[in-house]
$ cat run_35.cif   # mmCIF, C-alpha atoms
data_protein
loop_
_atom_site.label_atom_id
_atom_site.label_comp_id
_atom_site.auth_asym_id
_atom_site.auth_seq_id
_atom_site.Cartn_x
_atom_site.Cartn_y
_atom_site.Cartn_z
CA MET A 2 61.02 154.28 56.75
CA ALA A 3 64.21 152.93 55.14
CA VAL A 4 64.71 150.47 52.29
CA ASP A 5 66.32 147.07 52.83
CA VAL A 6 68.32 145.46 50.04
CA LEU A 7 68.75 141.77 49.24
CA LEU A 8 71.39 140.67 46.75
CA GLY A 9 73.76 137.89 45.76
CA LEU A 10 77.41 137.88 46.80
CA GLN A 11 78.81 135.40 44.28
CA TRP A 12 78.24 134.76 40.55
CA GLY A 13 74.46 134.61 40.85
CA ASP A 14 72.24 131.57 41.46
CA GLU A 15 72.65 131.97 45.24
CA GLY A 16 68.97 131.39 46.01
CA LYS A 17 67.77 134.98 46.27
CA GLY A 18 64.24 134.20 45.06
CA LYS A 19 63.59 131.80 47.91
CA ILE A 20 64.82 134.24 50.55
CA VAL A 21 62.77 137.13 49.14
CA ASP A 22 59.74 134.85 49.30
CA VAL A 23 60.58 133.92 52.92
CA LEU A 24 61.13 137.54 53.99
CA THR A 25 58.20 139.03 52.07
CA ARG A 26 55.80 138.75 55.00
CA LYS A 27 57.85 141.55 56.65
CA TYR A 28 57.42 143.94 53.73
CA ASP A 29 54.73 145.95 51.97
CA ILE A 30 56.64 146.34 48.70
CA ILE A 31 59.15 144.14 46.84
CA ALA A 32 61.02 146.00 44.08
CA ARG A 33 63.38 144.58 41.44
CA PHE A 34 66.11 147.10 40.68
CA GLN A 35 68.23 145.70 37.81
CA GLY A 36 68.70 142.89 35.33
CA GLY A 37 66.05 141.31 33.19
CA PRO A 38 64.93 137.89 31.93
CA ASN A 39 68.49 136.61 32.29
CA ALA A 40 67.60 136.19 35.98
CA GLY A 41 66.05 132.96 37.25
CA HIS A 42 64.68 133.19 40.78
CA THR A 43 63.40 129.81 41.93
CA LEU A 44 60.77 129.45 44.65
CA GLU A 45 59.41 126.20 46.09
CA PHE A 46 56.43 125.79 48.41
CA GLU A 47 53.50 123.43 48.84
CA GLY A 48 55.20 120.90 46.60
CA LYS A 49 55.38 123.26 43.60
CA LYS A 50 58.38 124.87 41.93
CA HIS A 51 58.14 128.37 40.42
CA VAL A 52 60.80 130.20 38.39
CA LEU A 53 60.55 133.97 38.02
CA HIS A 54 62.63 135.94 35.52
CA THR A 55 61.53 139.59 35.58
CA ILE A 56 58.71 139.70 38.11
CA PRO A 57 59.69 140.31 41.78
CA SER A 58 59.71 137.26 44.05
CA GLY A 59 57.06 138.61 46.43
CA VAL A 60 54.33 138.10 43.85
CA PHE A 61 52.81 135.07 45.60
CA HIS A 62 51.86 137.10 48.67
CA GLU A 63 48.42 138.69 48.40
CA LYS A 64 49.01 141.89 50.35
CA VAL A 65 52.39 142.78 48.86
CA CYS A 66 52.94 145.20 45.97
CA ASN A 67 55.62 144.14 43.47
CA VAL A 68 57.43 146.86 41.49
CA VAL A 69 59.58 146.34 38.40
CA GLY A 70 61.98 149.27 38.77
CA ASN A 71 63.55 151.62 36.26
CA GLY A 72 66.86 149.71 36.34
CA VAL A 73 65.25 146.56 34.93
CA VAL A 74 65.13 145.71 31.22
CA ILE A 75 61.93 144.02 30.02
CA ASP A 76 61.33 141.64 27.14
CA PRO A 77 57.55 142.05 26.56
CA VAL A 78 57.21 138.54 25.12
CA ILE A 79 58.94 136.82 28.04
CA PHE A 80 57.15 139.12 30.50
CA LYS A 81 53.73 138.23 29.07
CA GLY A 82 54.54 134.52 29.09
CA GLU A 83 55.66 134.74 32.70
CA LEU A 84 52.46 136.54 33.68
CA ASP A 85 50.27 134.08 31.79
CA LYS A 86 51.70 131.22 33.83
CA LEU A 87 51.33 133.15 37.08
CA ILE A 88 47.73 134.18 36.40
CA ALA A 89 46.81 130.53 35.85
CA GLN A 90 47.87 129.91 39.48
CA GLU A 91 47.26 133.35 41.00
CA PRO A 92 44.32 135.03 39.19
CA ASP A 93 44.74 138.32 41.09
CA VAL A 94 48.47 138.69 40.42
CA LEU A 95 48.05 141.77 38.20
CA SER A 96 46.50 143.70 41.08
CA ARG A 97 49.80 143.56 42.94
CA LEU A 98 52.19 144.36 40.08
CA LYS A 99 53.47 147.78 38.95
CA ILE A 100 55.96 148.60 36.18
CA SER A 101 58.22 151.64 35.96
CA ARG A 102 57.80 153.86 32.91
CA LYS A 103 61.59 154.26 32.87
CA ALA A 104 62.38 150.55 32.57
CA HIS A 105 63.93 149.85 29.17
CA LEU A 106 62.46 147.51 26.55
CA ILE A 107 64.28 144.60 24.94
CA LEU A 108 63.51 144.55 21.21
CA PRO A 109 63.69 141.45 18.99
CA SER A 110 66.65 143.11 17.25
CA HIS A 111 68.44 143.36 20.62
CA ARG A 112 68.29 139.58 20.88
CA LEU A 113 69.62 139.23 17.34
CA LEU A 114 72.51 141.56 18.13
CA ASP A 115 73.26 139.54 21.26
CA ALA A 116 73.37 136.28 19.30
CA ALA A 117 75.45 137.77 16.47
CA SER A 118 77.98 139.30 18.84
CA GLU A 119 78.36 136.15 20.92
CA ALA A 120 78.77 133.95 17.84
CA ALA A 121 81.45 136.26 16.48
CA LYS A 122 83.50 135.93 19.68
CA GLY A 123 84.17 132.23 19.05
CA LYS A 124 86.24 130.79 21.90
CA LYS A 125 86.19 134.17 23.68
CA LYS A 126 82.44 134.00 24.36
CA ILE A 127 81.23 135.80 27.47
CA GLY A 128 78.58 133.15 28.17
CA SER A 129 75.62 135.42 27.43
CA THR A 130 72.11 134.10 28.02
CA LEU A 131 71.28 135.54 24.55
CA LYS A 132 68.27 137.40 25.98
CA GLY A 133 69.35 140.75 24.49
CA ILE A 134 70.31 142.17 27.87
CA GLY A 135 73.71 143.58 26.88
CA PRO A 136 72.59 145.35 23.68
CA THR A 137 69.61 146.83 25.56
CA TYR A 138 71.82 148.32 28.27
CA MET A 139 74.19 149.55 25.54
CA ASP A 140 71.32 151.45 23.95
CA LYS A 141 70.37 152.76 27.38
CA THR A 142 73.81 154.22 28.03
CA GLY A 143 74.06 155.30 24.40
CA ARG A 144 70.82 157.26 24.87
CA ASN A 145 69.06 155.39 22.08
CA GLY A 146 66.86 153.02 24.07
CA LEU A 147 63.10 152.59 24.16
CA ARG A 148 61.40 152.68 27.55
CA VAL A 149 58.11 151.33 28.80
CA GLY A 150 56.70 154.85 28.93
CA ASP A 151 57.32 155.21 25.19
CA ILE A 152 54.60 152.66 24.40
CA GLN A 153 52.07 155.22 25.68
CA LEU A 154 53.25 157.85 23.18
CA ASP A 155 51.65 158.51 19.79
CA ASN A 156 54.98 158.25 17.98
CA PHE A 157 56.03 154.91 19.49
CA GLN A 158 56.11 153.16 16.10
CA ASP A 159 58.45 155.80 14.72
CA LEU A 160 60.73 155.46 17.75
CA TYR A 161 60.76 151.69 17.26
CA ASN A 162 61.50 151.92 13.52
CA ASN A 163 64.38 154.36 14.07
CA LEU A 164 66.05 152.09 16.62
CA VAL A 165 65.59 148.98 14.49
CA THR A 166 67.16 150.76 11.51
CA LYS A 167 70.22 151.37 13.66
CA HIS A 168 70.26 147.72 14.75
CA LYS A 169 70.08 146.49 11.15
CA GLN A 170 73.12 148.61 10.32
CA LEU A 171 74.97 147.01 13.22
CA LEU A 172 73.88 143.52 12.16
CA SER A 173 75.28 144.16 8.68
CA GLY A 174 78.69 144.04 10.35
CA TYR A 175 78.15 140.31 10.94
CA PRO A 176 78.00 138.98 7.33
CA ASP A 177 77.90 135.34 8.44
CA PHE A 178 74.89 135.90 10.71
CA THR A 179 71.49 135.36 9.09
CA TYR A 180 68.16 136.38 10.60
CA ASP A 181 64.52 137.12 9.83
CA LEU A 182 63.27 139.95 12.03
CA SER A 183 59.80 139.79 10.47
CA GLU A 184 59.25 136.41 12.13
CA LEU A 185 59.84 137.88 15.58
CA GLU A 186 57.99 141.19 15.38
CA PRO A 187 54.30 140.11 15.37
CA THR A 188 54.61 138.31 18.73
CA TRP A 189 56.56 141.23 20.17
CA PHE A 190 53.97 143.84 19.16
CA GLU A 191 51.21 141.61 20.51
CA ALA A 192 53.05 141.58 23.85
CA ILE A 193 53.42 145.37 23.67
CA GLU A 194 49.63 145.68 23.41
CA TYR A 195 49.34 143.48 26.50
CA LEU A 196 51.94 145.57 28.34
CA ARG A 197 49.84 148.69 27.68
CA THR A 198 47.01 147.18 29.77
CA LEU A 199 49.17 146.78 32.89
CA ASP A 200 49.73 149.21 35.76
CA ILE A 201 52.54 151.42 34.42
CA ILE A 202 53.69 154.03 36.93
CA ASP A 203 56.24 156.76 37.63
CA SER A 204 58.07 154.50 40.03
CA GLU A 205 60.36 156.98 41.79
CA PRO A 206 57.52 159.13 43.23
CA TYR A 207 55.70 155.95 44.14
CA VAL A 208 58.69 154.61 46.10
CA HIS A 209 59.41 158.00 47.68
CA GLN A 210 55.83 158.33 48.90
CA ALA A 211 55.88 154.79 50.22
CA ILE A 212 58.97 155.66 52.29
CA LYS A 213 57.26 158.79 53.65
CA ASP A 214 54.17 156.76 54.51
CA GLY A 215 56.25 154.32 56.55
CA ARG A 216 55.71 151.35 54.23
CA THR A 217 58.38 148.67 54.34
CA ILE A 218 60.34 148.06 51.11
CA LEU A 219 62.72 145.28 50.08
CA ALA A 220 64.86 145.91 46.99
CA GLU A 221 65.51 142.63 45.18
CA GLY A 222 68.67 142.20 43.13
CA ALA A 223 69.38 139.76 40.32
CA GLN A 224 72.58 137.93 39.32
CA GLY A 225 75.42 138.45 41.84
CA THR A 226 78.09 140.89 42.98
CA LEU A 227 80.89 139.16 41.05
CA LEU A 228 78.87 139.76 37.86
CA ASP A 229 78.60 143.52 38.44
CA ILE A 230 79.59 145.56 35.37
CA ASP A 231 82.02 147.65 37.46
CA PHE A 232 83.09 145.36 40.29
CA GLY A 233 82.72 141.86 38.85
CA THR A 234 85.16 139.60 36.99
CA TYR A 235 85.16 141.83 33.90
CA PRO A 236 84.59 141.25 31.01
CA PHE A 237 82.79 138.07 32.07
CA VAL A 238 80.02 140.02 33.79
CA THR A 239 76.45 141.13 33.23
CA SER A 240 75.54 144.59 31.91
CA SER A 241 74.07 146.16 35.05
CA ASN A 242 75.09 147.11 38.58
CA THR A 243 74.20 144.10 40.71
CA THR A 244 75.54 145.70 43.90
CA CYS A 245 73.78 147.74 46.57
CA ALA A 246 74.56 150.91 44.63
CA GLY A 247 72.39 149.49 41.84
CA ALA A 248 69.39 149.62 44.17
CA CYS A 249 69.83 153.38 44.40
CA THR A 250 70.09 153.97 40.65
CA GLY A 251 67.61 151.22 39.77
CA LEU A 252 64.84 152.53 42.01
CA GLY A 253 65.69 156.19 42.54
CA VAL A 254 66.44 155.64 46.22
CA ALA A 255 68.98 157.87 47.98
CA PRO A 256 71.95 156.07 49.64
CA ASN A 257 70.95 157.34 53.09
CA ARG A 258 67.61 155.54 52.70
CA ILE A 259 69.29 152.13 52.69
CA LYS A 260 69.20 150.32 56.02
CA ASN A 261 69.71 146.54 56.12
CA VAL A 262 71.70 144.85 53.36
CA TYR A 263 71.11 141.11 53.19
CA GLY A 264 73.91 139.23 51.41
CA ILE A 265 73.05 135.79 50.04
CA PHE A 266 75.80 133.22 49.45
CA LYS A 267 76.10 129.49 48.94
CA ALA A 268 78.11 127.32 51.30
CA TYR A 269 80.23 126.65 48.20
CA CYS A 270 80.59 128.53 44.89
CA THR A 271 79.03 128.09 41.45
CA ARG A 272 79.28 129.85 38.13
CA VAL A 273 77.38 129.54 34.84
CA GLY A 274 79.09 130.26 31.53
CA SER A 275 82.58 131.56 30.89
CA GLY A 276 84.93 133.48 33.14
CA PRO A 277 87.56 132.95 35.84
CA PHE A 278 86.68 130.78 38.83
CA PRO A 279 89.74 130.26 41.11
CA THR A 280 88.24 127.57 43.37
CA GLU A 281 86.55 125.53 40.63
CA LEU A 282 86.58 121.75 41.08
CA PHE A 283 87.25 119.49 38.11
CA ASP A 284 87.10 116.21 40.01
CA GLU A 285 84.51 113.82 41.39
CA THR A 286 83.81 116.14 44.34
CA GLY A 287 82.76 118.90 41.95
CA GLU A 288 80.51 116.46 40.10
CA THR A 289 78.97 115.32 43.38
CA ILE A 290 78.21 118.89 44.47
CA GLN A 291 76.69 119.62 41.06
CA ALA A 292 74.47 116.53 41.24
CA GLN A 293 73.41 116.90 44.88
CA GLY A 294 72.80 120.63 44.46
CA HIS A 295 70.88 120.24 41.18
CA GLU A 296 73.20 122.88 39.81
CA PHE A 297 71.66 123.71 36.47
CA GLY A 298 70.69 127.24 35.42
CA ALA A 299 67.06 128.18 36.09
CA THR A 300 67.04 130.38 32.97
CA THR A 301 69.35 128.55 30.55
CA GLY A 302 69.42 124.99 31.91
CA ARG A 303 73.19 125.05 31.54
CA PRO A 304 75.20 123.06 34.12
CA ARG A 305 76.81 125.25 36.76
CA ARG A 306 80.50 124.98 37.44
CA CYS A 307 81.11 124.15 41.13
CA GLY A 308 83.93 124.92 43.54
CA TRP A 309 84.89 125.56 47.14
CA LEU A 310 83.88 128.66 49.09
CA ASP A 311 86.10 131.65 48.28
CA LEU A 312 86.54 133.89 51.34
CA PRO A 313 88.57 136.72 49.72
CA ALA A 314 85.83 137.06 47.09
CA LEU A 315 83.12 136.89 49.76
CA LYS A 316 84.83 139.57 51.89
CA TYR A 317 85.15 141.77 48.81
CA ALA A 318 81.43 141.42 48.05
CA ILE A 319 80.55 142.20 51.67
CA ASP A 320 82.64 145.38 51.60
CA VAL A 321 81.38 146.58 48.20
CA ASN A 322 77.77 146.18 49.32
CA GLY A 323 78.00 147.15 53.00
CA VAL A 324 76.37 143.85 53.98
CA THR A 325 74.82 143.86 57.47
CA GLU A 326 73.55 140.24 57.55
CA LEU A 327 74.58 137.09 55.73
CA MET A 328 72.29 134.27 54.64
CA MET A 329 73.84 130.91 53.79
CA MET A 330 72.22 128.72 51.15
CA LYS A 331 72.56 125.05 50.20
CA ALA A 332 74.56 123.93 53.22
CA ASP A 333 72.63 120.64 52.95
CA VAL A 334 74.35 119.92 49.63
CA LEU A 335 77.73 119.50 51.38
CA SER A 336 76.48 116.70 53.67
CA GLY A 337 78.53 113.56 53.12
CA ILE A 338 81.18 115.28 50.98
CA GLY A 339 83.92 114.63 53.55
CA ASN A 340 86.41 117.24 54.64
CA LEU A 341 85.82 120.62 53.02
CA LYS A 342 88.23 123.21 51.69
CA VAL A 343 87.90 126.98 51.96
CA CYS A 344 89.98 129.46 49.98
CA THR A 345 91.52 131.92 52.47
CA ALA A 346 94.05 133.71 50.23
CA TYR A 347 95.58 133.74 46.75
CA ARG A 348 99.09 133.46 45.42
CA TYR A 349 98.98 136.24 42.83
CA LYS A 350 102.02 136.78 40.60
CA GLY A 351 104.09 135.01 43.25
CA GLU A 352 102.81 137.12 46.16
CA VAL A 353 100.35 135.92 48.83
CA ILE A 354 97.35 138.28 49.04
CA GLU A 355 94.03 138.12 50.90
CA HIS A 356 92.02 140.45 48.65
CA LEU A 357 90.40 140.09 45.24
CA PRO A 358 93.00 141.17 42.66
CA TYR A 359 92.44 142.97 39.35
CA LYS A 360 92.49 139.75 37.31
CA LEU A 361 91.50 136.23 38.39
CA GLU A 362 92.73 134.27 35.36
CA GLU A 363 94.28 130.93 36.28
CA ASP A 364 97.69 131.77 34.81
CA LEU A 365 97.98 134.65 37.31
CA ILE A 366 96.35 133.28 40.44
CA GLU A 367 96.48 130.19 42.64
CA PRO A 368 94.01 129.72 45.53
CA ILE A 369 95.38 128.89 48.96
CA PHE A 370 93.07 126.54 50.86
CA THR A 371 92.37 125.70 54.48
CA GLU A 372 90.82 122.29 55.16
CA VAL A 373 87.92 122.08 57.64
CA PRO A 374 85.87 119.11 58.89
CA GLY A 375 82.73 118.24 56.98
CA TRP A 376 79.54 116.56 58.21
CA ASP A 377 77.55 113.51 57.19
CA GLU A 378 74.21 114.33 58.82
CA ASP A 379 71.18 115.17 56.63
CA LEU A 380 70.32 118.82 57.32
CA THR A 381 67.13 118.91 55.26
CA LYS A 382 64.83 117.73 58.08
CA MET A 383 66.29 120.01 60.73
CA THR A 384 64.14 122.87 62.02
CA SER A 385 66.45 124.52 64.55
CA GLU A 386 70.14 125.38 64.72
CA ASP A 387 70.25 123.38 67.96
CA GLU A 388 70.00 120.28 65.75
CA PHE A 389 73.02 121.20 63.63
CA PRO A 390 75.98 118.80 63.85
CA LYS A 391 79.02 120.17 65.66
CA SER A 392 81.19 120.32 62.54
CA PHE A 393 78.53 122.32 60.66
CA LYS A 394 78.29 124.77 63.56
CA SER A 395 82.06 125.10 63.40
CA TYR A 396 81.86 125.82 59.65
CA ILE A 397 79.35 128.62 60.31
CA ASP A 398 81.44 130.06 63.15
CA TYR A 399 84.59 129.91 61.02
CA ILE A 400 83.00 131.87 58.18
CA GLU A 401 81.53 134.48 60.54
CA LYS A 402 84.90 135.00 62.23
CA GLU A 403 86.71 135.36 58.89
CA VAL A 404 84.30 137.84 57.28
CA GLY A 405 83.13 139.73 60.38
CA VAL A 406 79.41 139.66 59.55
CA PRO A 407 76.77 137.48 61.26
CA ILE A 408 74.99 134.69 59.40
CA SER A 409 71.35 135.22 60.38
CA LEU A 410 69.67 132.62 58.19
CA ILE A 411 70.51 129.10 57.03
CA SER A 412 68.73 127.37 54.17
CA VAL A 413 68.70 123.56 54.44
CA GLY A 414 66.59 122.78 51.36
CA PRO A 415 64.73 124.36 48.44
CA ASP A 416 61.31 124.69 50.10
CA ARG A 417 60.45 127.92 51.93
CA ALA A 418 59.79 125.78 55.04
CA GLN A 419 63.42 124.58 54.99
CA THR A 420 64.71 127.87 56.33
CA ILE A 421 66.22 128.36 59.77
CA MET A 422 66.49 131.80 61.38
CA ARG A 423 69.41 131.83 63.80
CA LYS A 424 69.15 133.18 67.31
#

$ encode --input "run_35.cif" --output "structure tokens"
Amino acid sequence: MAVDVLLGLQWGDEGKGKIVDVLTRKYDIIARFQGGPNAGHTLEFEGKKHVLHTIPSGVFHEKVCNVVGNGVVIDPVIFKGELDKLIAQEPDVLSRLKISRKAHLILPSHRLLDAASEAAKGKKKIGSTLKGIGPTYMDKTGRNGLRVGDIQLDNFQDLYNNLVTKHKQLLSGYPDFTYDLSELEPTWFEAIEYLRTLDIIDSEPYVHQAIKDGRTILAEGAQGTLLDIDFGTYPFVTSSNTTCAGACTGLGVAPNRIKNVYGIFKAYCTRVGSGPFPTELFDETGETIQAQGHEFGATTGRPRRCGWLDLPALKYAIDVNGVTELMMMKADVLSGIGNLKVCTAYRYKGEVIEHLPYKLEEDLIEPIFTEVPGWDEDLTKMTSEDEFPKSFKSYIDYIEKEVGVPISLISVGPDRAQTIMRK
């Protein structure tokens, strides 16, 4: 049996959590393959809203196993808090959760390093969520990191102390940054004790055996393709591989085991934090989209910047990931906006191009737009694509023709019931 992958094609916040929840009934295992508590996957059903940060989005389904893969970084304090809330609603949630021994741990000193580094950047801030993600991945690639499996070793305290000593030396390079690590450590070590009681596994053999046994697996990505450390809008990116390749390294799955790649995108674009955004709107239309779409970060609460759909960026994300099916989110937000614009090319250094260039800064690039008809009808009550207004159908057809990949699912609202599978 092969592994399917679901990931975001923009700057994150595309609605991946909802779609994983919708698709979970088709799968035996949902596995997160990268990122950490900087993710915010929002699910809504039965009148309740749930936000997951590290735990896979299939956790509300009783017969599904949820695996936190080796490519994920875990903050034990946030992880415990997330589980405490889940257990209050789903008492048996721990029975369907497994954690990779090779997932890396976020230390309190990682968070301090994140805050110190971001503060020192001044106006050049990356827009970090200050969760310690970047410093943790830096220790991972620097071969200094602590992993979940280390908490089961007798010398774990020594390993922790050695890494913290290194972090204190790094923090001394920020003389204006003050901190008290001793205030953070007791809660962290309490969460470590809790983590020791959970189902910690060698995740690669587990996944490999599941494939051999014919079990169905969905790899769940966090953030979005344009935030990928290699292929995103560097340096305004996250610290992990958010693309399909990240599912291979983040779960130990061979490339030839990947089958379907589901690409999630919004009918428009959003971005949280700093970084280039060619189609960003600074007018009343942008404010309307932000308000109607409730565009505020699930993790940080920060308002999301809003703009028109960017087709060159979308095509790039499709090619990088090998997307086989597209899923469009938040089309309902554009109802009543009037005529819409779609970026179809860029004017880059005076030349018209249709691909994503090396740099997207506004002094180098100008988006070229095509105007298309909008729609006024409320999509949120619709249950079939036969009910879609003509202009919305044309918008879907236009996107499919431009990118060459079918749109198999349309989301017309936040609830899992507001999801339309296309014929």

$ residues_around --input "run_35.cif" --residues "segment 355-363 of chain A" --least-positions-apart "6" --cutoff "10 Å" --atoms "all atoms listed in the file" --output "ChimeraX atom specification"
/A:232-235,276-280,311-318,344-349,369

$ residues_around --input "run_35.cif" --residues "Glu83 of chain A" --least-positions-apart "5" --cutoff "8 Å" --atoms "all atoms listed in the file" --output "list of chain:residue names"
A:Leu53, A:His54, A:Ile56

$ atom_distance --input "run_35.cif" --atom1 "atom CA of Val324 of chain A" --atom2 "atom CA of Ser204 of chain A"
25.4 Å

$ closest_residue --input "run_35.cif" --among "A:Thr226, A:Thr55, A:Ser101, A:Asn145" --to "Ala246 of chain A" --atoms "only C-alpha atoms"
A:Thr226

$ axis_aligned_box --input "run_35.cif" --around "segment 246-252 of chain A" --padding-each-side "5 Å" --output "lines of an AutoDock Vina configuration file"
center_x = 69.7
center_y = 151.7
center_z = 42.2
size_x = 19.7
size_y = 14.5
size_z = 14.9

$ build_atoms --input "run_35.cif" --residues "segment 267-278 of chain A" --atoms "N, CA and C atoms" --output "CSV table (one decimal), in the coordinates of the input"
chain,number,residue,atom,x,y,z
A,267,LYS,N,76.1,130.9,48.8
A,267,LYS,CA,76.1,129.5,48.9
A,267,LYS,C,77.2,129.0,49.9
A,268,ALA,N,77.1,127.9,50.5
A,268,ALA,CA,78.1,127.3,51.3
A,268,ALA,C,79.3,126.9,50.5
A,269,TYR,N,79.1,126.9,49.2
A,269,TYR,CA,80.2,126.6,48.2
A,269,TYR,C,80.1,127.7,47.1
A,270,CYS,N,80.7,127.6,46.0
A,270,CYS,CA,80.6,128.5,44.9
A,270,CYS,C,80.1,127.8,43.6
A,271,THR,N,79.4,128.6,42.8
A,271,THR,CA,79.0,128.1,41.4
A,271,THR,C,79.1,129.2,40.5
A,272,ARG,N,79.3,128.9,39.2
A,272,ARG,CA,79.3,129.8,38.1
A,272,ARG,C,78.7,129.2,36.9
A,273,VAL,N,77.9,130.0,36.1
A,273,VAL,CA,77.4,129.5,34.8
A,273,VAL,C,78.1,130.3,33.7
A,274,GLY,N,78.5,129.6,32.7
A,274,GLY,CA,79.1,130.3,31.5
A,274,GLY,C,80.6,130.5,31.7
A,275,SER,N,81.1,131.4,30.9
A,275,SER,CA,82.6,131.6,30.9
A,275,SER,C,83.0,132.5,32.0
A,276,GLY,N,84.4,132.6,32.2
A,276,GLY,CA,84.9,133.5,33.1
A,276,GLY,C,85.8,132.8,34.2
A,277,PRO,N,86.7,133.5,34.8
A,277,PRO,CA,87.6,133.0,35.8
A,277,PRO,C,86.8,132.5,37.1
A,278,PHE,N,87.3,131.4,37.7
A,278,PHE,CA,86.7,130.8,38.8
A,278,PHE,C,87.8,130.1,39.6
